[in-house]
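K.L.:
I am attaching a structure below and will ask some questions about it afterwards.
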Amino acid sequence: MTVPDAPAAPAIRPARGGRRPALGLVGLLIAALGYEVGARLLFTPEQVPPLSAIIPEAGRLSVGAKFWTATGQTLTAVAVGLAIALAAGITAGFALGSVSWVRRATSSTLDFLRPVPSIVLIPVLVLVLDVREITVLLVAVSCFWIVVFQVLYGLRDVDQVAVDTARTFRLGRLARIAHVTWPTVLPYLGTALRLNVSIALALALTGGLVTGSAGLGELIWSSQAGGEFADMYALVLLTGGIGILLDRLARLIERRLLYWHVATRREAAA
Amino acid sequence: MKAVGYALALPVILLTTWWVASAESTNVFAPPLRTIAEAFGDVWFSGRFTRDVLPSLGRLAAGFAIALAAGMGVGFVVGRWKLARDLTAPILAFFRVLPAPVLIPVLLVAVGIGDTTKIVVIAAGAVWPILLSTADGVSAVDEVAQETAAAYRLPTRTRYALLLRAATPQISAGARQALGLSIILMVVSEMLMSTDGLGFTVVQFQRSFAIPQMWSGVLLIGIVGFILAKLFELVERRVLRWHRGHTGQGEQSW
């Protein structure tokens with residue numbers, strides 16, 4: 001199989017010479033203006049409500065209990081699913097990646113299973129599980145693959161000289177894992193975490209949209225079905241906000257986890 | 001020879017186990033693999049292939065193509081000019097994390113039910129990874145290469161083409177991510193609003209308790225995902241043949 005040399009998702013790196021946040025604000029204003037004009041000229045207010053209707057609605061929602069209950073439910077699914085994926089993925093990754101014949105024997109199967117979209121499970125699972133469990137499982141399955149593959153990439157990256165050095169110092173198998181293998185794999189897990197929070201959120205929402213399990217996805221779908229379109233647009237806007245917060249949180253955890261890593265230290269020094 | 005054995009052994013064992021273990025199954029939800037295989041032939045090698053599979057794939061191709069063109073175009077502008085990058089930074093940050101499936105109800109309201117909506121859903125969801133990685137790639141192109149091109153007085157168009165070419169490793173990483181996303185969006189949008197297509201048919205089978213048929217549909221979606229990923233890999237290998245990092249590890253298998 002071909003292995004991408006950068007398994008991480010691209011993120012816009014900070015522009016050279018520093019950003020100009022004021023310009024970003026101008027950009028937002030231009031986009032808002034464009035949206036307003038487009039919405040009024042091309043669509044009816046029922047199809048695409050103007051911002052002047054969406055933003056007050058978002059404000060109203062963000063102080064109400066309904067939105068926060070749904071957010072709590074969605075985030076619970078995200079957290080539980082992610083925790084399962086991390087535990088299972090790290091175990092499976094180490095089990096598969098540590099022994100060379102196991103790795104070779106399983107690579108074709110992993111290669112086949114990975115691109116299978118986890119949502120194909122929905123129709124099967126609907127028959128046997130309740131919708132909350134399905135949503136958690138969807139999150140867990142999608143995130144699991146990324147964790148497994150990041151662990152495998154990480155294990156391949158372990159420095160043989162460091163392993164031999166540890167052997168020379170008569171470190172046992174467990175001590176070698178703790179002092180050599182684990183620190184090599186950890187940055188890859190940091191990447192997995194960062195990639196996974198947005199995937200987990202997307203799958204938790206998809207579960208809500210398709211199966212109607214309680215949470216933001218279900219709330220958005222029911223406001224669409226109920227014809228409360230300004231509500232729906234406001235919810236989408238707020239969902240993006242939740243996404244940004246989750247992303248920030250994941251980056252923070254990644255930096256905390258990898259405070260000793262060269263890339264983090266360089267970033268801090270800059 | 002040995003490599004082939006390694007690649008085939010586990011799948012064969014797993015399939016055989018499934019076949020044998022399910023042979024006497026009386027569980028309605030887990031029918032024998034034999035029954036599923038028969039259903040697969042009956043269901044998909046008939047009129048359904050042209051009625052459901054082809055329209056699905058057509059929408060997928062259209063949506064992905066639009067996302068690729070738009071993402072590379074806008075991404076190039078964002079990556080090339082710092083002004084564009086600064087102006088769009090907060091907007092891109094929002095759309096990067098906005099989960100694509102929530103676009104389905106929005107576009108359902110804005111555009112209505114129909115083929116267009118599904119294509120727009122796929123395109124609107126898949127465009128972001130391509131756009132962001134193109135911008136990332138273009139802005140990271142080696143400055144010496146750019147200045148050399150300028151010193152040789154290459155025409156602007158050639159220089160832009162060079163920039164885009166140099167960014168292909170990143171673009172293809174983004175496009176791979178976008179392809180997976182497109183398949184998910186294709187299936188979900190058909191589950192939520194459709195009268196034909198793979199996702200619709202599978203949900204239809206499930207609702208009418210045609211369990212072996214439903215399983216065959218699940219398998220087919222899996223196979224489609226796998227084949228598209230493989231096709232993408234083939235194209236990627238061709239496009240990135242020049243790229244050192246890629247050719248250096250091309251045949252490494254583990």
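By convention in this document, the chains of the structure tokens carry letters A, B, ... by their order, each chain's residues are numbered from 1, and ligands are numbered from 1 in the order they are shown.
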May I have the residues of chain A within 7 Å of chain B, counting only C-alpha atoms, written as a PyMOL selection string?
P.N.:
chain A and resi 1-2+5+10-13+19-20+23-24+26-28+47-48+103-109+112+115-117+119-120+123+198+201-202+206+210+221+224+236+239-240+243-244
K.L.:
Quick one: DSSP alpha helix (DSSP H) residues in range 15-58 of chain A, as JSON, numbers by chain?
P.N.:
{"A": [21, 22, 23, 24, 25, 26, 27, 28, 29, 30, 31, 32, 33, 34, 35, 36, 37, 38, 39, 40, 41, 42, 51, 52, 53, 54, 55, 56, 57, 58]}
K.L.:
Mind writing the picked residues with N, CA, C and O atoms as a tab-separated table (two decimals), in the first residue's frame?
P.N.:
chain	number	residue	atom	x	y	z
A	21	PRO	N	-5.39	40.34	11.92
A	21	PRO	CA	-6.76	39.95	12.26
A	21	PRO	C	-7.80	40.97	11.84
A	21	PRO	O	-8.94	40.61	11.57
A	22	ALA	N	-7.40	42.23	11.75
A	22	ALA	CA	-8.36	43.26	11.33
A	22	ALA	C	-8.87	42.96	9.94
A	22	ALA	O	-10.06	43.11	9.63
A	23	LEU	N	-7.96	42.48	9.08
A	23	LEU	CA	-8.37	42.13	7.72
A	23	LEU	C	-9.37	40.99	7.73
A	23	LEU	O	-10.30	40.94	6.91
A	24	GLY	N	-9.18	40.04	8.66
A	24	GLY	CA	-10.12	38.94	8.77
A	24	GLY	C	-11.52	39.45	9.09
A	24	GLY	O	-12.51	38.97	8.54
A	25	LEU	N	-11.57	40.47	9.93
A	25	LEU	CA	-12.85	41.09	10.28
A	25	LEU	C	-13.49	41.73	9.05
A	25	LEU	O	-14.69	41.59	8.80
A	26	VAL	N	-12.64	42.44	8.28
A	26	VAL	CA	-13.13	43.03	7.04
A	26	VAL	C	-13.68	41.94	6.13
A	26	VAL	O	-14.77	42.09	5.54
A	27	GLY	N	-12.94	40.83	6.03
A	27	GLY	CA	-13.39	39.71	5.21
A	27	GLY	C	-14.74	39.19	5.66
A	27	GLY	O	-15.62	38.93	4.84
A	28	LEU	N	-14.90	39.06	6.98
A	28	LEU	CA	-16.18	38.61	7.52
A	28	LEU	C	-17.31	39.55	7.13
A	28	LEU	O	-18.39	39.12	6.74
A	29	LEU	N	-17.02	40.86	7.24
A	29	LEU	CA	-18.04	41.85	6.90
A	29	LEU	C	-18.43	41.75	5.44
A	29	LEU	O	-19.61	41.78	5.08
A	30	ILE	N	-17.40	41.60	4.56
A	30	ILE	CA	-17.68	41.47	3.13
A	30	ILE	C	-18.54	40.24	2.87
A	30	ILE	O	-19.54	40.30	2.14
A	31	ALA	N	-18.17	39.13	3.52
A	31	ALA	CA	-18.93	37.89	3.32
A	31	ALA	C	-20.36	38.06	3.80
A	31	ALA	O	-21.31	37.63	3.14
A	32	ALA	N	-20.52	38.72	4.97
A	32	ALA	CA	-21.87	38.93	5.51
A	32	ALA	C	-22.69	39.78	4.55
A	32	ALA	O	-23.86	39.49	4.27
A	33	LEU	N	-22.06	40.80	4.01
A	33	LEU	CA	-22.73	41.69	3.06
A	33	LEU	C	-23.14	40.91	1.81
A	33	LEU	O	-24.27	41.03	1.33
A	34	GLY	N	-22.19	40.11	1.31
A	34	GLY	CA	-22.46	39.30	0.12
A	34	GLY	C	-23.61	38.35	0.37
A	34	GLY	O	-24.51	38.21	-0.46
A	35	TYR	N	-23.60	37.72	1.55
A	35	TYR	CA	-24.67	36.79	1.90
A	35	TYR	C	-26.01	37.51	1.93
A	35	TYR	O	-27.00	37.04	1.38
A	36	GLU	N	-26.01	38.68	2.57
A	36	GLU	CA	-27.25	39.45	2.73
A	36	GLU	C	-27.83	39.81	1.36
A	36	GLU	O	-29.01	39.61	1.10
A	37	VAL	N	-26.96	40.33	0.48
A	37	VAL	CA	-27.41	40.73	-0.86
A	37	VAL	C	-27.89	39.50	-1.62
A	37	VAL	O	-28.99	39.49	-2.22
A	38	GLY	N	-27.08	38.42	-1.59
A	38	GLY	CA	-27.44	37.20	-2.31
A	38	GLY	C	-28.75	36.63	-1.80
A	38	GLY	O	-29.62	36.24	-2.59
A	39	ALA	N	-28.89	36.60	-0.47
A	39	ALA	CA	-30.10	36.01	0.11
A	39	ALA	C	-31.33	36.80	-0.30
A	39	ALA	O	-32.38	36.24	-0.61
A	40	ARG	N	-31.19	38.13	-0.34
A	40	ARG	CA	-32.37	38.95	-0.65
A	40	ARG	C	-32.71	38.94	-2.14
A	40	ARG	O	-33.87	39.00	-2.52
A	41	LEU	N	-31.65	38.87	-2.97
A	41	LEU	CA	-31.90	38.95	-4.41
A	41	LEU	C	-32.33	37.61	-4.99
A	41	LEU	O	-33.22	37.55	-5.84
A	42	LEU	N	-31.67	36.53	-4.56
A	42	LEU	CA	-31.84	35.25	-5.26
A	42	LEU	C	-32.83	34.32	-4.58
A	42	LEU	O	-33.35	33.42	-5.20
A	51	LEU	N	-29.34	37.54	7.37
A	51	LEU	CA	-28.59	37.49	8.64
A	51	LEU	C	-29.33	38.21	9.75
A	51	LEU	O	-29.27	37.81	10.91
A	52	SER	N	-30.04	39.27	9.37
A	52	SER	CA	-30.75	40.05	10.39
A	52	SER	C	-31.80	39.20	11.10
A	52	SER	O	-32.25	39.52	12.20
A	53	ALA	N	-32.21	38.09	10.45
A	53	ALA	CA	-33.14	37.18	11.12
A	53	ALA	C	-32.39	36.07	11.84
A	53	ALA	O	-32.84	35.57	12.87
A	54	ILE	N	-31.22	35.67	11.28
A	54	ILE	CA	-30.51	34.52	11.84
A	54	ILE	C	-29.81	34.88	13.14
A	54	ILE	O	-29.88	34.15	14.13
A	55	ILE	N	-29.13	36.04	13.14
A	55	ILE	CA	-28.28	36.35	14.29
A	55	ILE	C	-29.06	36.55	15.58
A	55	ILE	O	-28.71	35.99	16.62
A	56	PRO	N	-30.20	37.32	15.55
A	56	PRO	CA	-30.99	37.39	16.79
A	56	PRO	C	-31.49	36.02	17.24
A	56	PRO	O	-31.52	35.72	18.45
A	57	GLU	N	-31.83	35.18	16.24
A	57	GLU	CA	-32.29	33.83	16.55
A	57	GLU	C	-31.19	33.03	17.25
A	57	GLU	O	-31.44	32.34	18.24
A	58	ALA	N	-29.96	33.18	16.73
A	58	ALA	CA	-28.83	32.49	17.34
A	58	ALA	C	-28.62	32.98	18.77
A	58	ALA	O	-28.34	32.19	19.68
K.L.:
Can you pull out the residues contacting Ala126 in chain B? Cut-off 7 Å, using only C-alpha atoms, and skip same-chain residues under 3 positions away; I want them as a short mmCIF file (atom, residue, chain, number, x, y, z; two decimals) with all heavy atoms, in the first residue's frame.
P.N.:
data_model
loop_
_atom_site.label_atom_id
_atom_site.label_comp_id
_atom_site.auth_asym_id
_atom_site.auth_seq_id
_atom_site.Cartn_x
_atom_site.Cartn_y
_atom_site.Cartn_z
N PHE B 64 -17.79 15.81 -6.81
CA PHE B 64 -16.36 15.80 -6.54
C PHE B 64 -15.60 16.66 -7.54
O PHE B 64 -14.67 17.38 -7.17
CB PHE B 64 -15.84 14.36 -6.56
CG PHE B 64 -14.41 14.22 -6.14
CD1 PHE B 64 -14.05 14.43 -4.82
CD2 PHE B 64 -13.42 13.88 -7.06
CE1 PHE B 64 -12.73 14.31 -4.42
CE2 PHE B 64 -12.11 13.75 -6.66
CZ PHE B 64 -11.76 13.97 -5.34
N ALA B 67 -16.05 20.24 -6.66
CA ALA B 67 -15.26 20.56 -5.47
C ALA B 67 -13.79 20.70 -5.82
O ALA B 67 -13.10 21.61 -5.35
CB ALA B 67 -15.44 19.47 -4.41
N ILE B 122 -22.60 17.41 -2.00
CA ILE B 122 -21.29 16.75 -2.12
C ILE B 122 -20.20 17.79 -2.38
O ILE B 122 -19.16 17.79 -1.73
CB ILE B 122 -21.33 15.68 -3.23
CG1 ILE B 122 -22.30 14.56 -2.84
CG2 ILE B 122 -19.94 15.12 -3.49
CD1 ILE B 122 -22.58 13.58 -3.95
N ALA B 123 -20.49 18.68 -3.34
CA ALA B 123 -19.48 19.69 -3.69
C ALA B 123 -19.19 20.60 -2.50
O ALA B 123 -18.03 20.87 -2.17
CB ALA B 123 -19.96 20.51 -4.90
N PRO B 129 -11.61 20.56 2.36
CA PRO B 129 -10.25 19.98 2.46
C PRO B 129 -9.38 20.30 1.25
O PRO B 129 -8.18 20.56 1.40
CB PRO B 129 -10.51 18.47 2.57
CG PRO B 129 -11.96 18.26 2.59
CD PRO B 129 -12.66 19.56 2.54
N ALA B 178 -11.21 14.49 0.71
CA ALA B 178 -12.47 14.95 0.15
C ALA B 178 -13.23 13.80 -0.50
O ALA B 178 -14.47 13.78 -0.47
CB ALA B 178 -12.22 16.05 -0.89
N LEU B 181 -15.06 11.90 2.13
CA LEU B 181 -16.18 12.74 2.57
C LEU B 181 -17.31 12.72 1.55
O LEU B 181 -18.49 12.64 1.90
CB LEU B 181 -15.65 14.16 2.76
CG LEU B 181 -16.44 15.12 3.60
CD1 LEU B 181 -16.62 14.55 4.99
CD2 LEU B 181 -15.71 16.44 3.68
N SER B 182 -16.95 12.76 0.24
CA SER B 182 -17.98 12.77 -0.80
C SER B 182 -18.83 11.51 -0.75
O SER B 182 -20.05 11.56 -0.91
CB SER B 182 -17.36 12.82 -2.20
OG SER B 182 -16.41 13.81 -2.28
#
K.L.:
One number please: CA of Thr201 in chain B to CA of Lys118 in chain B, in Å, one decimal.
P.N.:
15.6 Å
K.L.:
From the options A:Ile220, A:Ala87, A:Val148, A:Ile134, which residue's atoms come nearest to Leu110 in chain A, counting only C-alpha atoms?
P.N.:
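Checking each of A:Ile220, A:Ala87, A:Val148, A:Ile134 against Leu110 in chain A, counting only C-alpha atoms, the winner is A:Val148.
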K.L.:
Could you jot down the CA of Pro31 in chain B to CA of Ile122 in chain A separation for me, Å, one decimal place?
P.N.:
17.2 Å
K.L.:
Do a neighbour search on Glu147 in chain B at 12 Å with only C-alpha atoms, toss out local chain neighbours closer than 6 positions, and write the hits as an NGL selection string.
P.N.:
:B and (141 or 153-154 or 159 or 162-163)
K.L.:
Write out, as a PDB file, in the first residue's frame, the residues just selected, with C-alpha atoms.
P.N.:
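The file below, part.pdb, is the result:
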ATOM      1  CA  VAL B 141       6.213  26.408  -2.455  1.00  0.00           C
ATOM      2  CA  ARG B 153      11.290  35.477 -17.153  1.00  0.00           C
ATOM      3  CA  LEU B 154       8.857  32.637 -17.557  1.00  0.00           C
ATOM      4  CA  ARG B 159       4.758  30.352 -13.284  1.00  0.00           C
ATOM      5  CA  LEU B 162       4.461  25.605 -11.775  1.00  0.00           C
ATOM      6  CA  LEU B 163       3.124  26.746  -8.423  1.00  0.00           C
TER       7      LEU B 163
END
K.L.:
Do you know which residues are at most 10 Å from Ser213 in chain A counting only C-alpha atoms, after dropping those on the same chain fewer than 6 positions away, and could you put them as a PyMOL selection string?
P.N.:
chain A and resi 73-74+130-135+204-207+219
K.L.:
Can you pull out every residue within 10 Å of Arg59 in chain B, counting only C-alpha atoms, but drop anything in the same chain fewer than 2 positions away, and send it as a PyMOL selection string?
P.N.:
chain B and resi 54-57+61-65+115-123+182+186+197
K.L.:
Export N, CA and C atoms of the chosen residues as a CSV table (one decimal), in the first residue's frame?
P.N.:
chain,number,residue,atom,x,y,z
B,54,LEU,N,-25.8,3.7,-10.9
B,54,LEU,CA,-25.2,4.7,-11.8
B,54,LEU,C,-25.6,6.2,-11.4
B,55,PRO,N,-26.9,6.5,-11.1
B,55,PRO,CA,-27.2,7.8,-10.7
B,55,PRO,C,-26.3,8.3,-9.4
B,56,SER,N,-26.2,7.4,-8.5
B,56,SER,CA,-25.4,7.7,-7.3
B,56,SER,C,-24.0,8.1,-7.7
B,57,LEU,N,-23.4,7.2,-8.5
B,57,LEU,CA,-22.0,7.5,-8.9
B,57,LEU,C,-21.9,8.7,-9.7
B,61,ALA,N,-19.5,11.8,-8.9
B,61,ALA,CA,-18.5,12.3,-9.8
B,61,ALA,C,-18.7,13.8,-10.0
B,62,ALA,N,-19.9,14.2,-10.2
B,62,ALA,CA,-20.2,15.6,-10.5
B,62,ALA,C,-19.8,16.5,-9.3
B,63,GLY,N,-20.3,16.1,-8.1
B,63,GLY,CA,-20.0,16.9,-6.9
B,63,GLY,C,-18.5,16.9,-6.7
B,64,PHE,N,-17.8,15.8,-6.8
B,64,PHE,CA,-16.4,15.8,-6.5
B,64,PHE,C,-15.6,16.7,-7.5
B,65,ALA,N,-16.0,16.6,-8.8
B,65,ALA,CA,-15.3,17.4,-9.9
B,65,ALA,C,-15.5,18.9,-9.6
B,115,ASP,N,-31.7,16.2,-7.8
B,115,ASP,CA,-30.3,15.9,-8.1
B,115,ASP,C,-29.4,17.0,-7.8
B,116,THR,N,-29.8,18.2,-8.2
B,116,THR,CA,-28.9,19.4,-8.0
B,116,THR,C,-28.5,19.5,-6.5
B,117,THR,N,-29.5,19.3,-5.6
B,117,THR,CA,-29.2,19.5,-4.2
B,117,THR,C,-28.1,18.5,-3.8
B,118,LYS,N,-28.3,17.2,-4.2
B,118,LYS,CA,-27.3,16.2,-3.8
B,118,LYS,C,-25.9,16.6,-4.3
B,119,ILE,N,-25.9,17.0,-5.6
B,119,ILE,CA,-24.6,17.4,-6.1
B,119,ILE,C,-24.0,18.5,-5.4
B,120,VAL,N,-24.8,19.5,-5.1
B,120,VAL,CA,-24.3,20.7,-4.3
B,120,VAL,C,-23.9,20.3,-2.9
B,121,VAL,N,-24.6,19.4,-2.3
B,121,VAL,CA,-24.2,18.9,-1.0
B,121,VAL,C,-22.8,18.3,-1.0
B,122,ILE,N,-22.6,17.4,-2.0
B,122,ILE,CA,-21.3,16.8,-2.1
B,122,ILE,C,-20.2,17.8,-2.4
B,123,ALA,N,-20.5,18.7,-3.3
B,123,ALA,CA,-19.5,19.7,-3.7
B,123,ALA,C,-19.2,20.6,-2.5
B,182,SER,N,-17.0,12.8,0.2
B,182,SER,CA,-18.0,12.8,-0.8
B,182,SER,C,-18.8,11.5,-0.7
B,186,MET,N,-22.7,11.4,-0.2
B,186,MET,CA,-23.6,10.8,-1.2
B,186,MET,C,-24.6,9.9,-0.5
B,197,GLY,N,-30.9,5.7,-5.8
B,197,GLY,CA,-29.5,5.8,-5.3
B,197,GLY,C,-29.3,4.7,-4.3
K.L.:
Please report the interatomic distance between CA of Met193 in chain B and CA of Gly114 in chain B in Å with one decimal.
P.N.:
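Atom-to-atom, CA of Met193 in chain B and CA of Gly114 in chain B are spaced 8.2 Å apart.
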